[in-house]
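Trainee: This is protein-v4.txt (compact mmCIF, C-alpha atoms).
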# COMPACT_ATOMS: atom_id res chain seq x y z
CA MET A 1 -25.98 278.67 -37.83
CA ALA A 2 -28.48 276.90 -40.10
CA ASP A 3 -25.67 274.68 -41.43
CA MET A 4 -24.90 273.51 -37.88
CA THR A 5 -28.56 272.64 -37.33
CA ILE A 6 -28.65 270.63 -40.57
CA ASP A 7 -25.38 268.88 -39.65
CA SER A 8 -26.75 268.10 -36.20
CA GLN A 9 -30.00 266.74 -37.63
CA GLN A 10 -28.08 264.63 -40.17
CA ARG A 11 -25.85 263.24 -37.42
CA LYS A 12 -28.89 262.32 -35.32
CA SER A 13 -30.51 260.71 -38.34
CA ASN A 14 -27.34 258.70 -39.05
CA GLU A 15 -27.10 257.63 -35.42
CA GLU A 16 -30.72 256.48 -35.46
CA ALA A 17 -30.22 254.55 -38.69
CA SER A 18 -27.11 252.93 -37.23
CA ARG A 19 -28.97 251.96 -34.04
CA LEU A 20 -31.83 250.45 -36.04
CA THR A 21 -29.42 248.49 -38.26
CA ARG A 22 -27.62 247.08 -35.22
CA GLU A 23 -30.93 246.14 -33.57
CA CYS A 24 -32.14 244.42 -36.75
CA MET A 25 -28.97 242.35 -36.89
CA GLU A 26 -29.17 241.46 -33.19
CA THR A 27 -32.82 240.41 -33.50
CA ALA A 28 -32.17 238.41 -36.68
CA LEU A 29 -29.26 236.62 -35.04
CA LEU A 30 -31.32 235.69 -31.98
CA LEU A 31 -34.08 234.35 -34.22
CA LEU A 32 -31.56 232.26 -36.16
CA LEU A 33 -29.97 230.98 -32.93
CA LYS A 34 -33.33 229.54 -31.94
CA GLN A 35 -33.17 227.42 -35.11
CA LYS A 36 -29.50 226.40 -35.36
CA PRO A 37 -26.10 226.62 -33.68
CA LEU A 38 -23.98 229.74 -34.08
CA HIS A 39 -21.35 228.04 -36.26
CA GLU A 40 -24.02 227.18 -38.88
CA ILE A 41 -25.14 230.79 -39.36
CA SER A 42 -23.62 232.63 -42.32
CA VAL A 43 -23.28 236.37 -42.85
CA THR A 44 -25.46 236.05 -45.95
CA GLU A 45 -28.21 234.30 -44.00
CA LEU A 46 -27.98 236.84 -41.19
CA THR A 47 -28.11 239.91 -43.43
CA ARG A 48 -31.01 238.46 -45.40
CA LYS A 49 -32.94 237.77 -42.19
CA ALA A 50 -32.11 241.26 -40.84
CA GLY A 51 -33.02 242.97 -44.11
CA VAL A 52 -29.68 244.79 -44.28
CA SER A 53 -26.84 244.77 -46.78
CA ARG A 54 -23.50 243.05 -46.24
CA ASN A 55 -21.92 246.51 -46.30
CA ALA A 56 -24.15 247.58 -43.41
CA TYR A 57 -23.17 244.43 -41.54
CA TYR A 58 -19.43 245.06 -41.98
CA ARG A 59 -19.84 248.76 -41.16
CA HIS A 60 -21.18 247.81 -37.72
CA PHE A 61 -19.62 244.45 -36.85
CA ASP A 62 -16.50 242.49 -37.67
CA SER A 63 -18.00 239.06 -36.97
CA ILE A 64 -21.23 237.35 -36.02
CA ASP A 65 -19.71 236.68 -32.61
CA SER A 66 -19.20 240.44 -32.16
CA ILE A 67 -22.97 240.93 -32.51
CA LEU A 68 -23.57 238.61 -29.56
CA ARG A 69 -20.83 240.28 -27.54
CA SER A 70 -22.29 243.71 -28.23
CA LEU A 71 -25.75 242.55 -27.20
CA ALA A 72 -24.43 240.93 -24.02
CA ARG A 73 -22.50 244.05 -23.03
CA ARG A 74 -25.55 246.26 -23.61
CA ILE A 75 -27.80 244.02 -21.50
CA ALA A 76 -25.25 243.67 -18.71
CA GLY A 77 -24.56 247.40 -18.72
CA SER A 78 -28.19 248.42 -18.40
CA MET A 79 -28.78 245.79 -15.73
CA VAL A 80 -25.85 246.92 -13.56
CA GLU A 81 -26.60 250.61 -14.11
CA ALA A 82 -30.20 250.15 -12.94
CA ALA A 83 -29.06 248.13 -9.93
CA LEU A 84 -26.47 250.73 -8.92
CA LYS A 85 -29.09 253.49 -8.98
CA ARG A 86 -31.40 251.48 -6.76
CA SER A 87 -28.73 250.34 -4.31
CA SER A 88 -28.03 253.89 -3.17
CA ASP A 89 -31.53 253.97 -1.64
CA HIS A 90 -32.14 250.30 -0.82
CA GLY A 91 -28.74 248.77 -0.07
CA TRP A 92 -27.57 245.36 -1.26
CA GLU A 93 -30.99 243.78 -1.20
CA GLY A 94 -32.30 246.48 -3.53
CA TYR A 95 -29.26 246.03 -5.76
CA TRP A 96 -29.82 242.29 -6.09
CA GLN A 97 -33.56 242.65 -6.62
CA VAL A 98 -33.04 245.04 -9.52
CA LEU A 99 -30.50 242.66 -11.07
CA PHE A 100 -33.02 239.82 -11.02
CA GLU A 101 -35.83 242.05 -12.28
CA GLU A 102 -33.68 243.53 -15.06
CA ILE A 103 -32.43 240.16 -16.35
CA THR A 104 -35.87 238.53 -16.34
CA PRO A 105 -36.98 239.90 -19.75
CA TYR A 106 -33.62 238.80 -21.19
CA ALA A 107 -33.61 235.27 -19.75
CA GLU A 108 -34.06 233.64 -23.16
CA VAL A 109 -31.32 235.81 -24.68
CA PHE A 110 -29.08 235.02 -21.70
CA MET A 111 -29.51 231.30 -22.30
CA LEU A 112 -29.00 231.67 -26.08
CA LEU A 113 -25.72 233.44 -25.35
CA HIS A 114 -24.72 230.55 -23.07
CA LYS A 115 -25.70 227.97 -25.65
CA SER A 116 -23.75 229.85 -28.33
CA GLY A 117 -20.58 229.88 -26.27
CA CYS A 118 -20.77 233.62 -25.61
CA ALA A 119 -21.62 233.52 -21.92
CA SER A 120 -18.30 235.15 -21.12
CA ALA A 121 -19.56 238.23 -22.98
CA ILE A 122 -22.17 238.69 -20.27
CA LEU A 123 -19.49 238.54 -17.59
CA ASP A 124 -17.33 240.94 -19.64
CA GLY A 125 -20.30 243.31 -19.79
CA ILE A 126 -20.82 243.09 -16.03
CA ASN A 127 -17.11 243.73 -15.47
CA ALA A 128 -17.10 246.72 -17.82
CA ALA A 129 -20.21 248.22 -16.23
CA CYS A 130 -18.83 247.80 -12.72
CA GLU A 131 -15.42 249.25 -13.58
CA SER A 132 -17.05 252.64 -13.84
CA ILE A 133 -17.76 252.64 -10.11
CA LEU A 134 -14.21 251.82 -9.07
CA GLU A 135 -12.21 254.80 -7.94
CA GLY A 136 -8.46 254.88 -8.25
CA ASP A 137 -6.19 252.00 -9.12
CA ASP A 138 -6.49 249.89 -5.96
CA LEU A 139 -5.70 246.28 -6.90
CA HIS A 140 -7.46 244.87 -3.83
CA GLU A 141 -10.68 246.74 -4.62
CA ARG A 142 -10.55 245.77 -8.29
CA LEU A 143 -10.08 242.07 -7.41
CA ARG A 144 -12.89 242.23 -4.86
CA GLN A 145 -15.18 243.71 -7.51
CA ARG A 146 -14.23 240.98 -10.01
CA PHE A 147 -14.93 238.35 -7.36
CA TRP A 148 -18.45 239.71 -6.82
CA ASN A 149 -19.03 240.15 -10.56
CA GLY A 150 -18.27 236.45 -11.04
CA ALA A 151 -20.59 235.57 -8.19
CA MET A 152 -23.34 237.75 -9.68
CA PHE A 153 -22.92 236.15 -13.10
CA ASN A 154 -23.03 232.62 -11.71
CA ILE A 155 -26.00 233.31 -9.44
CA LEU A 156 -27.99 234.84 -12.32
CA THR A 157 -27.04 231.92 -14.57
CA GLU A 158 -28.13 229.34 -12.01
CA TRP A 159 -31.40 231.16 -11.32
CA ILE A 160 -32.26 231.33 -15.03
CA ARG A 161 -31.26 227.69 -15.64
CA GLU A 162 -33.51 226.63 -12.77
CA GLY A 163 -36.47 228.34 -14.41
CA MET A 164 -36.57 231.48 -12.23
CA GLU A 165 -38.98 229.76 -9.86
CA ILE A 166 -37.87 231.87 -6.90
CA SER A 167 -39.08 235.46 -7.15
CA PRO A 168 -36.60 238.32 -7.64
CA ALA A 169 -37.50 239.62 -4.16
CA GLU A 170 -36.78 236.26 -2.53
CA MET A 171 -33.53 235.86 -4.48
CA ALA A 172 -32.52 239.37 -3.40
CA GLN A 173 -33.09 238.46 0.25
CA ILE A 174 -30.95 235.33 -0.15
CA CYS A 175 -28.15 237.16 -1.96
CA ALA A 176 -28.13 240.11 0.44
CA ARG A 177 -27.24 237.64 3.22
CA LEU A 178 -24.21 236.29 1.37
CA PRO A 179 -20.89 237.01 3.10
Could you write out this structure as structure tokens?

Mentor:
Amino acid sequence: MADMTIDSQQRKSNEEASRLTRECMETALLLLLKQKPLHEISVTELTRKAGVSRNAYYRHFDSIDSILRSLARRIAGSMVEAALKRSSDHGWEGYWQVLFEEITPYAEVFMLLHKSGCASAILDGINAACESILEGDDLHERLRQRFWNGAMFNILTEWIREGMEISPAEMAQICARLP
């Protein structure tokens, strides 16, 4: 029994170390992207900035692009998950408002992903997060969901590009009236 507790504690410790390593690499990459384009960033420069070894980098990612894609999927997933929870009580307007509120702290990251040519990773993350709510294998429903995911992605992109001057509540009212 004690061995299982030690194994469980070791596994948790390893998971925490892995999470911290991934976060360090994500943060370092975002800092570097503020200074130069993605194609000018080397693995050596990234690992030095992150304070991790090359082995740690390759243990977690297969490319610098995969770091951005992982980050985009995580942001999109948490955004959609929060919106889905709220929509059950507040309908479409509540869903949209949470989307705008959830993306606000990530606006700079969102634009860095766009600038780096990884904007599609955000849409991929939205698609992946929304697939979990689809039931069955209905092609019509899946296509309808993809249609709205694209709309959501483009609306969020436009709102961020325009400086988020309209409040999340006002944007939610506008979007809730869309056909």

Trainee: So how far away is CA of Ala151 in chain A from CA of Thr104 in chain A, in Å?

Mentor: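 These atoms are spaced 17.6 Å apart.
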
Trainee: Env of range 167-173 of chain A: 12 Å cut, atoms = only C-alpha atoms, seq-sep filter 6 positions within chain, self excluded. Answer as number ranges by chain.

Mentor: A: 83, 87, 90-104, 152, 155-156, 158-160

Trainee: I'd like the contact shell of Leu33 in chain A - 12 Å cut-off, all atoms listed in the file, skipping same-chain residues fewer than 2 positions apart - returned as a VMD selection string.

Mentor: chain A and resid 26 to 31 35 to 42 45 to 46 49 64 to 65 68 108 to 117

Trainee: Closest to Ile133 in chain A among A:Leu84, A:Leu20, A:Leu71, A:Leu32, using all atoms listed in the file?

Mentor: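 Looking only at the distances to Ile133 in chain A, the closest residue turns out to be A:Leu84.
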
Trainee: Suppose you want the space between CA of Phe147 in chain A and CA of Cys130 in chain A; what is it in Å?

Mentor: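 Calculated distance between CA of Phe147 in chain A and CA of Cys130 in chain A is 11.5 Å.
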
Trainee: Would you place a box with edges along x, y and z of the file around all atoms of range 155-168 of chain A listed there, add 5 Å to each of its six sides, and report the centre and edge lengths in Å to one decimal, as JSON?

Mentor:
{"center_x": -32.5, "center_y": 232.5, "center_z": -11.3, "size_x": 23.1, "size_y": 21.7, "size_z": 18.7}

Trainee: Hey, can you check how far CA of Glu81 in chain A sits from CA of Trp148 in chain A?

Mentor: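 Taking CA of Glu81 in chain A as the start and CA of Trp148 in chain A as the end point, the length is 15.4 Å.
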